[in-house]
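Asks: To be precise about what I am sending: the file is called input-v5.cif and holds mmCIF, C-alpha atoms, pLDDT in the B column; chains and numbers go by the auth columns.
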data_my_file
loop_
_atom_site.group_PDB
_atom_site.id
_atom_site.type_symbol
_atom_site.label_atom_id
_atom_site.label_comp_id
_atom_site.label_asym_id
_atom_site.label_seq_id
_atom_site.Cartn_x
_atom_site.Cartn_y
_atom_site.Cartn_z
_atom_site.B_iso_or_equiv
_atom_site.auth_seq_id
_atom_site.auth_asym_id
ATOM 1 C CA MET A 1 11.713 34.685 -35.301 45.00 290 A
ATOM 2 C CA ALA A 2 10.398 31.246 -36.279 49.00 291 A
ATOM 3 C CA GLU A 3 9.795 28.522 -33.698 55.00 292 A
ATOM 4 C CA ASP A 4 12.088 25.517 -33.751 63.00 293 A
ATOM 5 C CA GLY A 5 9.842 22.462 -34.023 66.00 294 A
ATOM 6 C CA PRO A 6 6.764 21.479 -32.017 70.00 295 A
ATOM 7 C CA LYS A 7 6.089 22.790 -28.533 84.00 296 A
ATOM 8 C CA GLN A 8 6.915 20.379 -25.664 88.00 297 A
ATOM 9 C CA LEU A 9 4.358 19.787 -22.902 88.00 298 A
ATOM 10 C CA GLU A 10 5.418 18.005 -19.715 92.00 299 A
ATOM 11 C CA MET A 11 2.446 16.600 -17.807 93.00 300 A
ATOM 12 C CA PRO A 12 3.122 15.331 -14.280 95.00 301 A
ATOM 13 C CA LEU A 13 1.611 12.202 -12.789 97.00 302 A
ATOM 14 C CA VAL A 14 -0.005 13.499 -9.612 97.00 303 A
ATOM 15 C CA LEU A 15 -0.879 11.357 -6.600 97.00 304 A
ATOM 16 C CA ASP A 16 -4.678 11.344 -6.208 95.00 305 A
ATOM 17 C CA GLN A 17 -4.762 11.098 -2.427 94.00 306 A
ATOM 18 C CA GLY A 18 -8.553 11.205 -2.154 92.00 307 A
ATOM 19 C CA LEU A 19 -9.140 8.381 -4.597 91.00 308 A
ATOM 20 C CA THR A 20 -6.290 6.299 -3.143 93.00 309 A
ATOM 21 C CA LYS A 21 -7.797 6.742 0.337 92.00 310 A
ATOM 22 C CA GLN A 22 -11.275 5.841 -0.924 90.00 311 A
ATOM 23 C CA MET A 23 -9.942 2.649 -2.518 91.00 312 A
ATOM 24 C CA ARG A 24 -8.090 1.718 0.687 93.00 313 A
ATOM 25 C CA LEU A 25 -11.316 2.251 2.660 92.00 314 A
ATOM 26 C CA ARG A 26 -13.048 -0.193 0.304 91.00 315 A
ATOM 27 C CA VAL A 27 -10.463 -2.868 1.192 93.00 316 A
ATOM 28 C CA GLU A 28 -10.868 -2.175 4.933 94.00 317 A
ATOM 29 C CA SER A 29 -14.656 -2.182 4.686 92.00 318 A
ATOM 30 C CA LEU A 30 -14.659 -5.599 2.985 92.00 319 A
ATOM 31 C CA LYS A 31 -12.298 -6.988 5.642 92.00 320 A
ATOM 32 C CA GLN A 32 -14.378 -5.630 8.529 94.00 321 A
ATOM 33 C CA ARG A 33 -17.604 -7.043 7.140 94.00 322 A
ATOM 34 C CA GLY A 34 -15.987 -10.336 6.141 94.00 323 A
ATOM 35 C CA GLU A 35 -17.088 -9.866 2.545 92.00 324 A
ATOM 36 C CA LYS A 36 -15.285 -10.724 -0.669 92.00 325 A
ATOM 37 C CA ARG A 37 -14.547 -8.437 -3.594 91.00 326 A
ATOM 38 C CA GLN A 38 -16.850 -8.416 -6.592 90.00 327 A
ATOM 39 C CA ASP A 39 -15.957 -10.774 -9.446 91.00 328 A
ATOM 40 C CA GLY A 40 -13.188 -9.075 -11.399 92.00 329 A
ATOM 41 C CA GLU A 41 -12.775 -6.208 -8.931 92.00 330 A
ATOM 42 C CA LYS A 42 -9.213 -4.896 -8.465 92.00 331 A
ATOM 43 C CA LEU A 43 -8.579 -4.084 -4.817 93.00 332 A
ATOM 44 C CA LEU A 44 -5.786 -1.659 -3.990 93.00 333 A
ATOM 45 C CA ARG A 45 -2.823 -3.336 -2.309 94.00 334 A
ATOM 46 C CA PRO A 46 -0.741 -1.482 0.324 94.00 335 A
ATOM 47 C CA ALA A 47 2.112 -0.813 -2.150 96.00 336 A
ATOM 48 C CA GLU A 48 -0.234 0.673 -4.785 97.00 337 A
ATOM 49 C CA SER A 49 -1.455 4.237 -5.225 97.00 338 A
ATOM 50 C CA VAL A 50 -3.663 6.018 -7.749 95.00 339 A
ATOM 51 C CA TYR A 51 -2.161 8.810 -9.845 96.00 340 A
ATOM 52 C CA ARG A 52 -3.613 10.999 -12.536 95.00 341 A
ATOM 53 C CA ILE A 53 -2.667 13.241 -15.442 93.00 342 A
ATOM 54 C CA ASP A 54 -4.894 16.186 -16.210 90.00 343 A
ATOM 55 C CA PHE A 55 -4.695 16.800 -19.936 84.00 344 A
ATOM 56 C CA ILE A 56 -4.506 20.551 -20.438 72.00 345 A
ATOM 57 C CA GLN A 57 -4.142 20.348 -24.204 64.00 346 A
ATOM 58 C CA GLN A 58 -6.060 17.367 -25.457 66.00 347 A
ATOM 59 C CA GLN A 59 -5.722 17.602 -29.186 69.00 348 A
ATOM 60 C CA ARG A 60 -2.737 16.802 -31.338 79.00 349 A
ATOM 61 C CA LEU A 61 -0.393 15.457 -28.691 88.00 350 A
ATOM 62 C CA GLN A 62 2.393 13.113 -29.672 91.00 351 A
ATOM 63 C CA PHE A 63 4.183 11.063 -27.045 93.00 352 A
ATOM 64 C CA GLU A 64 7.864 11.936 -26.704 94.00 353 A
ATOM 65 C CA ARG A 65 9.168 10.305 -23.523 95.00 354 A
ATOM 66 C CA TRP A 66 8.649 9.375 -19.911 96.00 355 A
ATOM 67 C CA ASN A 67 10.429 11.406 -17.234 96.00 356 A
ATOM 68 C CA VAL A 68 10.733 9.122 -14.217 96.00 357 A
ATOM 69 C CA VAL A 69 13.095 9.741 -11.323 95.00 358 A
ATOM 70 C CA LEU A 70 13.477 7.516 -8.272 96.00 359 A
ATOM 71 C CA ASP A 71 15.423 9.127 -5.440 93.00 360 A
ATOM 72 C CA LYS A 72 16.601 5.723 -4.210 94.00 361 A
ATOM 73 C CA PRO A 73 16.984 2.204 -5.660 95.00 362 A
ATOM 74 C CA GLY A 74 13.781 0.277 -6.299 96.00 363 A
ATOM 75 C CA LYS A 75 11.110 -0.372 -8.901 97.00 364 A
ATOM 76 C CA VAL A 76 7.787 1.163 -9.941 98.00 365 A
ATOM 77 C CA THR A 77 5.195 -0.239 -12.312 97.00 366 A
ATOM 78 C CA ILE A 78 2.875 2.273 -13.977 97.00 367 A
ATOM 79 C CA THR A 79 -0.349 0.755 -15.257 97.00 368 A
ATOM 80 C CA GLY A 80 -2.897 2.841 -17.099 95.00 369 A
ATOM 81 C CA THR A 81 -6.591 2.383 -16.484 93.00 370 A
ATOM 82 C CA SER A 82 -9.508 2.802 -18.813 89.00 371 A
ATOM 83 C CA GLN A 83 -11.487 3.788 -15.720 85.00 372 A
ATOM 84 C CA ASN A 84 -13.021 7.237 -15.880 82.00 373 A
ATOM 85 C CA TRP A 85 -13.882 7.712 -12.213 79.00 374 A
ATOM 86 C CA THR A 86 -17.099 9.463 -11.410 71.00 375 A
ATOM 87 C CA PRO A 87 -18.128 11.100 -8.132 62.00 376 A
ATOM 88 C CA ASP A 88 -19.748 7.843 -6.945 65.00 377 A
ATOM 89 C CA LEU A 89 -16.273 6.236 -7.093 64.00 378 A
ATOM 90 C CA THR A 90 -17.216 3.074 -8.921 77.00 379 A
ATOM 91 C CA ASN A 91 -14.938 0.129 -8.220 84.00 380 A
ATOM 92 C CA LEU A 92 -11.921 -0.568 -10.402 88.00 381 A
ATOM 93 C CA MET A 93 -12.224 -3.807 -12.331 90.00 382 A
ATOM 94 C CA THR A 94 -9.213 -5.806 -13.538 91.00 383 A
ATOM 95 C CA ARG A 95 -10.475 -5.614 -17.142 92.00 384 A
ATOM 96 C CA GLN A 96 -9.978 -1.823 -16.926 92.00 385 A
ATOM 97 C CA LEU A 97 -6.201 -2.153 -16.473 94.00 386 A
ATOM 98 C CA LEU A 98 -4.396 -1.415 -19.735 93.00 387 A
ATOM 99 C CA ASP A 99 -1.524 -3.398 -21.253 92.00 388 A
ATOM 100 C CA PRO A 100 1.353 -2.967 -21.480 94.00 389 A
ATOM 101 C CA ALA A 101 2.544 -1.447 -18.223 95.00 390 A
ATOM 102 C CA ALA A 102 5.645 0.734 -17.990 96.00 391 A
ATOM 103 C CA ILE A 103 8.215 -0.539 -15.497 97.00 392 A
ATOM 104 C CA PHE A 104 11.042 1.671 -14.241 97.00 393 A
ATOM 105 C CA TRP A 105 13.794 0.709 -11.814 96.00 394 A
ATOM 106 C CA ARG A 106 17.002 1.965 -10.318 94.00 395 A
ATOM 107 C CA LYS A 107 19.652 -0.459 -9.157 93.00 396 A
ATOM 108 C CA GLU A 108 21.700 -0.188 -6.005 91.00 397 A
ATOM 109 C CA ASP A 109 24.884 1.869 -6.532 89.00 398 A
ATOM 110 C CA SER A 110 23.503 3.484 -9.699 88.00 399 A
ATOM 111 C CA ASP A 111 21.951 6.839 -10.495 85.00 400 A
ATOM 112 C CA ALA A 112 20.769 5.656 -13.912 88.00 401 A
ATOM 113 C CA MET A 113 17.152 4.695 -14.538 91.00 402 A
ATOM 114 C CA ASP A 114 16.346 1.525 -16.451 94.00 403 A
ATOM 115 C CA TRP A 115 12.996 0.619 -17.977 95.00 404 A
ATOM 116 C CA ASN A 116 11.188 -1.883 -20.163 96.00 405 A
ATOM 117 C CA GLU A 117 11.694 0.364 -23.169 93.00 406 A
ATOM 118 C CA ALA A 118 9.422 -1.268 -25.787 94.00 407 A
ATOM 119 C CA ASP A 119 6.425 -1.579 -23.441 95.00 408 A
ATOM 120 C CA ALA A 120 6.936 1.895 -21.957 95.00 409 A
ATOM 121 C CA LEU A 121 7.079 3.429 -25.438 94.00 410 A
ATOM 122 C CA GLU A 122 3.973 1.543 -26.603 95.00 411 A
ATOM 123 C CA PHE A 123 2.106 2.613 -23.463 95.00 412 A
ATOM 124 C CA GLY A 124 3.217 6.219 -23.959 93.00 413 A
ATOM 125 C CA GLU A 125 1.990 6.221 -27.539 92.00 414 A
ATOM 126 C CA ARG A 126 -1.409 4.982 -26.365 92.00 415 A
ATOM 127 C CA LEU A 127 -1.562 7.990 -24.024 91.00 416 A
ATOM 128 C CA SER A 128 -1.513 10.295 -27.073 88.00 417 A
ATOM 129 C CA ASP A 129 -4.663 8.574 -28.353 88.00 418 A
ATOM 130 C CA LEU A 130 -6.359 8.585 -24.964 88.00 419 A
ATOM 131 C CA ALA A 131 -5.622 12.310 -24.522 86.00 420 A
ATOM 132 C CA LYS A 132 -7.870 13.017 -27.512 85.00 421 A
ATOM 133 C CA ILE A 133 -10.912 11.718 -25.663 85.00 422 A
ATOM 134 C CA ARG A 134 -10.006 12.202 -21.993 85.00 423 A
ATOM 135 C CA LYS A 135 -9.652 15.214 -19.755 86.00 424 A
ATOM 136 C CA VAL A 136 -8.096 13.037 -17.041 90.00 425 A
ATOM 137 C CA MET A 137 -6.191 9.767 -17.185 92.00 426 A
ATOM 138 C CA TYR A 138 -5.810 7.543 -14.110 94.00 427 A
ATOM 139 C CA PHE A 139 -2.880 5.267 -13.339 96.00 428 A
ATOM 140 C CA LEU A 140 -2.244 2.544 -10.815 96.00 429 A
ATOM 141 C CA ILE A 141 1.356 2.758 -9.623 97.00 430 A
ATOM 142 C CA THR A 142 2.859 -0.197 -7.783 97.00 431 A
ATOM 143 C CA PHE A 143 5.890 0.558 -5.632 97.00 432 A
ATOM 144 C CA GLY A 144 8.426 -2.204 -5.079 94.00 433 A
ATOM 145 C CA GLU A 145 11.591 -2.799 -3.119 91.00 434 A
ATOM 146 C CA GLY A 146 10.858 -0.320 -0.342 90.00 435 A
ATOM 147 C CA LEU A 147 9.798 2.610 -2.526 95.00 436 A
ATOM 148 C CA GLU A 148 6.803 4.784 -1.730 94.00 437 A
ATOM 149 C CA PRO A 149 5.136 7.805 -3.373 96.00 438 A
ATOM 150 C CA ASP A 150 7.607 10.282 -1.843 95.00 439 A
ATOM 151 C CA ASN A 151 10.443 8.561 -3.748 96.00 440 A
ATOM 152 C CA LEU A 152 8.888 9.107 -7.196 97.00 441 A
ATOM 153 C CA LYS A 153 8.758 12.033 -9.584 96.00 442 A
ATOM 154 C CA ALA A 154 7.114 11.104 -12.857 97.00 443 A
ATOM 155 C CA SER A 155 5.766 12.935 -15.861 96.00 444 A
ATOM 156 C CA VAL A 156 5.017 12.320 -19.513 95.00 445 A
ATOM 157 C CA VAL A 157 6.439 14.643 -22.170 94.00 446 A
ATOM 158 C CA PHE A 158 4.389 15.240 -25.307 92.00 447 A
ATOM 159 C CA SER A 159 5.006 17.421 -28.314 90.00 448 A
ATOM 160 C CA GLN A 160 2.062 19.481 -29.430 84.00 449 A
ATOM 161 C CA LEU A 161 1.585 19.152 -33.177 79.00 450 A
#
What would the structure in this file look like if it were written as structure tokens?

Replies:
Amino acid sequence: MAEDGPKQLEMPLVLDQGLTKQMRLRVESLKQRGEKRQDGEKLLRPAESVYRIDFIQQQRLQFERWNVVLDKPGKVTITGTSQNWTPDLTNLMTRQLLDPAAIFWRKEDSDAMDWNEADALEFGERLSDLAKIRKVMYFLITFGEGLEPDNLKASVVFSQL
């Protein structure tokens, strides 16, 4: 029996608790010592967390769609990073944040998800290219309007060519 079209791969965005904690410690350390961030350094704000996708199949992926579910009304902004973190946990610099970001929101009294479709699609297509050269991709997710990591389920669906 022949297969119907390309195989679909759904890759979840997974909260990187260790890296998020490390970045929060950097903020606290600077505050305690009364120091300022490096020029161009991006410090993690309280409503931000670091997520990652581990690319299982790196070659020949084509972006299909985002799967984002918020279990209550609010907004999340998913920003990709060009940062390839190493064990020494180098600091994230603002120049390493990729444009455009994908923004998803759910309004009060609605179960439907809305998003900035053109930017989210462009960002998703860039992920296909990045998957060719990366084993892991990191994301900075900003939670708004009372949302937190427990309220989000997100993944990216690719077709394998």

Asks: Just give me the gap between atom CA of Ala443 of chain A and atom CA of Asp403 of chain A in Å, one decimal is fine.

Replies: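 Atom-to-atom, atom CA of Ala443 of chain A and atom CA of Asp403 of chain A are spaced 13.8 Å apart.
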
Asks: For the PyMOL selection byres ((chain A and resi 424-432) around 10), applied here, can you spell out every residue it catches as a ChimeraX atom specification?

Replies: /A:302-305,309,333-347,363-374,386-387,390-392,416,419-423,433-438,440-441

Asks: Assuming the chain letters and numbering stay as they are in my file, what does the PyMOL selection byres ((chain A and resi 413) around 8) actually select? List them as a ChimeraX atom specification.

Replies: /A:352-355,409-412,414-417,445

Asks: Restrict the selected residues to C-alpha atoms and save them as a PDB file, keeping the file's coordinate frame.

Replies:
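Contents of result_20.pdb, freshly written:
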ATOM      1  CA  PHE A 352       4.183  11.063 -27.045  1.00 93.00           C
ATOM      2  CA  GLU A 353       7.864  11.936 -26.704  1.00 94.00           C
ATOM      3  CA  ARG A 354       9.168  10.305 -23.523  1.00 95.00           C
ATOM      4  CA  TRP A 355       8.649   9.375 -19.911  1.00 96.00           C
ATOM      5  CA  ALA A 409       6.936   1.895 -21.957  1.00 95.00           C
ATOM      6  CA  LEU A 410       7.079   3.429 -25.438  1.00 94.00           C
ATOM      7  CA  GLU A 411       3.973   1.543 -26.603  1.00 95.00           C
ATOM      8  CA  PHE A 412       2.106   2.613 -23.463  1.00 95.00           C
ATOM      9  CA  GLU A 414       1.990   6.221 -27.539  1.00 92.00           C
ATOM     10  CA  ARG A 415      -1.409   4.982 -26.365  1.00 92.00           C
ATOM     11  CA  LEU A 416      -1.562   7.990 -24.024  1.00 91.00           C
ATOM     12  CA  SER A 417      -1.513  10.295 -27.073  1.00 88.00           C
ATOM     13  CA  VAL A 445       5.017  12.320 -19.513  1.00 95.00           C
TER      14      VAL A 445
END

Asks: Which residue is closest to Asn380 of chain A? Choose from A:Glu324, A:Glu330, A:Asp400, A:Glu317 and count all atoms listed in the file.

Replies: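 That would be A:Glu330, the residue with the smallest distance to Asn380 of chain A.
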
Asks: If I take atom CA of Ser318 of chain A and atom CA of Thr379 of chain A, how far is one from the other in Å, to one decimal?

Replies: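 Those two atoms sit 14.8 Å apart.
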
Asks: Tell me, in Å to one decimal, how far atom CA of Leu332 of chain A is from atom CA of Asp439 of chain A.

Replies: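 Computed distance, atom CA of Leu332 of chain A to atom CA of Asp439 of chain A, equals 21.8 Å.
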
Asks: Can you list, as a ChimeraX atom specification, the residues that the PyMOL selection byres ((chain A and resi 350) around 6) selects here?

Replies: /A:348-349,351,417,447-449

Asks: Step by step: locate segment 322-368 of chain A in the block above, keep N, CA and C atoms, then write the file as a PDB file, in the first residue's frame.

Replies:
ATOM      1  N   ARG A 322      24.896  42.415  43.193  1.00  0.00           N
ATOM      2  CA  ARG A 322      26.210  43.065  43.132  1.00  0.00           C
ATOM      3  C   ARG A 322      26.120  44.513  42.673  1.00  0.00           C
ATOM      4  N   GLY A 323      24.906  44.959  42.326  1.00  0.00           N
ATOM      5  CA  GLY A 323      24.739  46.335  41.866  1.00  0.00           C
ATOM      6  C   GLY A 323      25.391  46.596  40.529  1.00  0.00           C
ATOM      7  N   GLU A 324      25.513  45.560  39.714  1.00  0.00           N
ATOM      8  CA  GLU A 324      26.138  45.704  38.401  1.00  0.00           C
ATOM      9  C   GLU A 324      25.079  45.841  37.320  1.00  0.00           C
ATOM     10  N   LYS A 325      25.529  46.315  36.162  1.00  0.00           N
ATOM     11  CA  LYS A 325      24.633  46.452  35.012  1.00  0.00           C
ATOM     12  C   LYS A 325      24.918  45.325  34.031  1.00  0.00           C
ATOM     13  N   ARG A 326      23.942  45.079  33.166  1.00  0.00           N
ATOM     14  CA  ARG A 326      24.114  44.056  32.126  1.00  0.00           C
ATOM     15  C   ARG A 326      25.177  44.501  31.127  1.00  0.00           C
ATOM     16  N   GLN A 327      25.719  43.558  30.400  1.00  0.00           N
ATOM     17  CA  GLN A 327      26.666  43.883  29.344  1.00  0.00           C
ATOM     18  C   GLN A 327      25.937  44.656  28.250  1.00  0.00           C
ATOM     19  N   ASP A 328      26.669  45.442  27.475  1.00  0.00           N
ATOM     20  CA  ASP A 328      26.061  46.133  26.331  1.00  0.00           C
ATOM     21  C   ASP A 328      25.422  45.109  25.414  1.00  0.00           C
ATOM     22  N   GLY A 329      24.139  45.278  25.128  1.00  0.00           N
ATOM     23  CA  GLY A 329      23.444  44.390  24.214  1.00  0.00           C
ATOM     24  C   GLY A 329      22.962  43.087  24.824  1.00  0.00           C
ATOM     25  N   GLU A 330      23.206  42.870  26.115  1.00  0.00           N
ATOM     26  CA  GLU A 330      22.773  41.632  26.749  1.00  0.00           C
ATOM     27  C   GLU A 330      21.269  41.647  26.985  1.00  0.00           C
ATOM     28  N   LYS A 331      20.601  40.534  26.719  1.00  0.00           N
ATOM     29  CA  LYS A 331      19.164  40.385  26.955  1.00  0.00           C
ATOM     30  C   LYS A 331      18.987  39.644  28.273  1.00  0.00           C
ATOM     31  N   LEU A 332      18.470  40.357  29.274  1.00  0.00           N
ATOM     32  CA  LEU A 332      18.205  39.731  30.565  1.00  0.00           C
ATOM     33  C   LEU A 332      16.790  39.169  30.569  1.00  0.00           C
ATOM     34  N   LEU A 333      16.621  38.024  31.178  1.00  0.00           N
ATOM     35  CA  LEU A 333      15.313  37.377  31.241  1.00  0.00           C
ATOM     36  C   LEU A 333      14.407  38.116  32.211  1.00  0.00           C
ATOM     37  N   ARG A 334      13.226  38.506  31.731  1.00  0.00           N
ATOM     38  CA  ARG A 334      12.242  39.159  32.590  1.00  0.00           C
ATOM     39  C   ARG A 334      11.397  38.084  33.277  1.00  0.00           C
ATOM     40  N   PRO A 335      10.705  38.442  34.367  1.00  0.00           N
ATOM     41  CA  PRO A 335       9.911  37.441  35.104  1.00  0.00           C
ATOM     42  C   PRO A 335       8.878  36.703  34.252  1.00  0.00           C
ATOM     43  N   ALA A 336       8.308  37.345  33.241  1.00  0.00           N
ATOM     44  CA  ALA A 336       7.272  36.706  32.420  1.00  0.00           C
ATOM     45  C   ALA A 336       7.849  35.957  31.218  1.00  0.00           C
ATOM     46  N   GLU A 337       9.164  35.766  31.182  1.00  0.00           N
ATOM     47  CA  GLU A 337       9.813  35.085  30.060  1.00  0.00           C
ATOM     48  C   GLU A 337      10.417  33.767  30.515  1.00  0.00           C
ATOM     49  N   SER A 338      10.392  32.788  29.622  1.00  0.00           N
ATOM     50  CA  SER A 338      11.010  31.490  29.870  1.00  0.00           C
ATOM     51  C   SER A 338      11.694  31.020  28.593  1.00  0.00           C
ATOM     52  N   VAL A 339      12.667  30.125  28.755  1.00  0.00           N
ATOM     53  CA  VAL A 339      13.399  29.580  27.621  1.00  0.00           C
ATOM     54  C   VAL A 339      12.841  28.195  27.295  1.00  0.00           C
ATOM     55  N   TYR A 340      12.537  28.008  26.021  1.00  0.00           N
ATOM     56  CA  TYR A 340      12.039  26.723  25.515  1.00  0.00           C
ATOM     57  C   TYR A 340      12.996  26.234  24.446  1.00  0.00           C
ATOM     58  N   ARG A 341      12.828  24.976  24.082  1.00  0.00           N
ATOM     59  CA  ARG A 341      13.682  24.407  23.049  1.00  0.00           C
ATOM     60  C   ARG A 341      12.915  23.385  22.232  1.00  0.00           C
ATOM     61  N   ILE A 342      13.392  23.178  21.011  1.00  0.00           N
ATOM     62  CA  ILE A 342      12.954  22.060  20.164  1.00  0.00           C
ATOM     63  C   ILE A 342      14.209  21.259  19.875  1.00  0.00           C
ATOM     64  N   ASP A 343      14.111  19.968  20.091  1.00  0.00           N
ATOM     65  CA  ASP A 343      15.192  19.059  19.710  1.00  0.00           C
ATOM     66  C   ASP A 343      14.816  18.464  18.358  1.00  0.00           C
ATOM     67  N   PHE A 344      15.606  18.785  17.348  1.00  0.00           N
ATOM     68  CA  PHE A 344      15.305  18.295  16.008  1.00  0.00           C
ATOM     69  C   PHE A 344      15.771  16.851  15.881  1.00  0.00           C
ATOM     70  N   ILE A 345      14.808  15.954  15.770  1.00  0.00           N
ATOM     71  CA  ILE A 345      15.101  14.529  15.642  1.00  0.00           C
ATOM     72  C   ILE A 345      15.566  14.278  14.212  1.00  0.00           C
ATOM     73  N   GLN A 346      14.761  14.698  13.282  1.00  0.00           N
ATOM     74  CA  GLN A 346      15.067  14.582  11.854  1.00  0.00           C
ATOM     75  C   GLN A 346      15.448  15.973  11.379  1.00  0.00           C
ATOM     76  N   GLN A 347      16.696  16.142  10.995  1.00  0.00           N
ATOM     77  CA  GLN A 347      17.133  17.484  10.654  1.00  0.00           C
ATOM     78  C   GLN A 347      17.004  17.812   9.174  1.00  0.00           C
ATOM     79  N   GLN A 348      17.071  16.821   8.353  1.00  0.00           N
ATOM     80  CA  GLN A 348      17.114  17.100   6.922  1.00  0.00           C
ATOM     81  C   GLN A 348      15.722  17.063   6.323  1.00  0.00           C
ATOM     82  N   ARG A 349      15.527  17.894   5.322  1.00  0.00           N
ATOM     83  CA  ARG A 349      14.339  17.849   4.489  1.00  0.00           C
ATOM     84  C   ARG A 349      13.039  18.024   5.264  1.00  0.00           C
ATOM     85  N   LEU A 350      13.023  19.000   6.151  1.00  0.00           N
ATOM     86  CA  LEU A 350      11.798  19.331   6.866  1.00  0.00           C
ATOM     87  C   LEU A 350      11.170  20.549   6.209  1.00  0.00           C
ATOM     88  N   GLN A 351       9.878  20.510   6.068  1.00  0.00           N
ATOM     89  CA  GLN A 351       9.144  21.667   5.554  1.00  0.00           C
ATOM     90  C   GLN A 351       8.103  22.070   6.589  1.00  0.00           C
ATOM     91  N   PHE A 352       8.119  23.339   6.951  1.00  0.00           N
ATOM     92  CA  PHE A 352       7.168  23.846   7.932  1.00  0.00           C
ATOM     93  C   PHE A 352       5.744  23.667   7.425  1.00  0.00           C
ATOM     94  N   GLU A 353       4.883  23.184   8.314  1.00  0.00           N
ATOM     95  CA  GLU A 353       3.457  23.033   7.986  1.00  0.00           C
ATOM     96  C   GLU A 353       2.605  24.014   8.795  1.00  0.00           C
ATOM     97  N   ARG A 354       2.756  23.949  10.135  1.00  0.00           N
ATOM     98  CA  ARG A 354       1.910  24.810  10.975  1.00  0.00           C
ATOM     99  C   ARG A 354       2.405  24.808  12.412  1.00  0.00           C
ATOM    100  N   TRP A 355       1.944  25.806  13.135  1.00  0.00           N
ATOM    101  CA  TRP A 355       2.130  25.881  14.578  1.00  0.00           C
ATOM    102  C   TRP A 355       0.935  25.200  15.236  1.00  0.00           C
ATOM    103  N   ASN A 356       1.164  24.517  16.326  1.00  0.00           N
ATOM    104  CA  ASN A 356       0.093  23.983  17.170  1.00  0.00           C
ATOM    105  C   ASN A 356       0.259  24.656  18.527  1.00  0.00           C
ATOM    106  N   VAL A 357      -0.536  25.656  18.795  1.00  0.00           N
ATOM    107  CA  VAL A 357      -0.433  26.394  20.055  1.00  0.00           C
ATOM    108  C   VAL A 357      -1.800  26.381  20.722  1.00  0.00           C
ATOM    109  N   VAL A 358      -1.816  25.963  21.983  1.00  0.00           N
ATOM    110  CA  VAL A 358      -3.045  25.924  22.755  1.00  0.00           C
ATOM    111  C   VAL A 358      -2.812  26.644  24.078  1.00  0.00           C
ATOM    112  N   LEU A 359      -3.666  27.598  24.373  1.00  0.00           N
ATOM    113  CA  LEU A 359      -3.654  28.276  25.671  1.00  0.00           C
ATOM    114  C   LEU A 359      -4.882  27.800  26.420  1.00  0.00           C
ATOM    115  N   ASP A 360      -4.709  27.337  27.654  1.00  0.00           N
ATOM    116  CA  ASP A 360      -5.862  26.807  28.384  1.00  0.00           C
ATOM    117  C   ASP A 360      -6.690  27.884  29.068  1.00  0.00           C
ATOM    118  N   LYS A 361      -6.286  29.150  28.895  1.00  0.00           N
ATOM    119  CA  LYS A 361      -7.088  30.273  29.371  1.00  0.00           C
ATOM    120  C   LYS A 361      -6.743  31.501  28.530  1.00  0.00           C
ATOM    121  N   PRO A 362      -7.562  32.542  28.565  1.00  0.00           N
ATOM    122  CA  PRO A 362      -7.288  33.735  27.754  1.00  0.00           C
ATOM    123  C   PRO A 362      -5.939  34.367  28.124  1.00  0.00           C
ATOM    124  N   GLY A 363      -5.293  34.931  27.131  1.00  0.00           N
ATOM    125  CA  GLY A 363      -4.011  35.594  27.320  1.00  0.00           C
ATOM    126  C   GLY A 363      -3.227  35.590  26.030  1.00  0.00           C
ATOM    127  N   LYS A 364      -1.942  35.914  26.126  1.00  0.00           N
ATOM    128  CA  LYS A 364      -1.115  36.101  24.936  1.00  0.00           C
ATOM    129  C   LYS A 364       0.279  35.564  25.194  1.00  0.00           C
ATOM    130  N   VAL A 365       0.862  34.898  24.187  1.00  0.00           N
ATOM    131  CA  VAL A 365       2.260  34.484  24.251  1.00  0.00           C
ATOM    132  C   VAL A 365       2.977  34.966  22.995  1.00  0.00           C
ATOM    133  N   THR A 366       4.219  35.364  23.175  1.00  0.00           N
ATOM    134  CA  THR A 366       5.069  35.755  22.060  1.00  0.00           C
ATOM    135  C   THR A 366       6.236  34.779  22.018  1.00  0.00           C
ATOM    136  N   ILE A 367       6.410  34.124  20.876  1.00  0.00           N
ATOM    137  CA  ILE A 367       7.483  33.147  20.704  1.00  0.00           C
ATOM    138  C   ILE A 367       8.542  33.774  19.813  1.00  0.00           C
ATOM    139  N   THR A 368       9.719  33.969  20.375  1.00  0.00           N
ATOM    140  CA  THR A 368      10.830  34.571  19.649  1.00  0.00           C
ATOM    141  C   THR A 368      11.931  33.537  19.527  1.00  0.00           C
TER     142      THR A 368
END
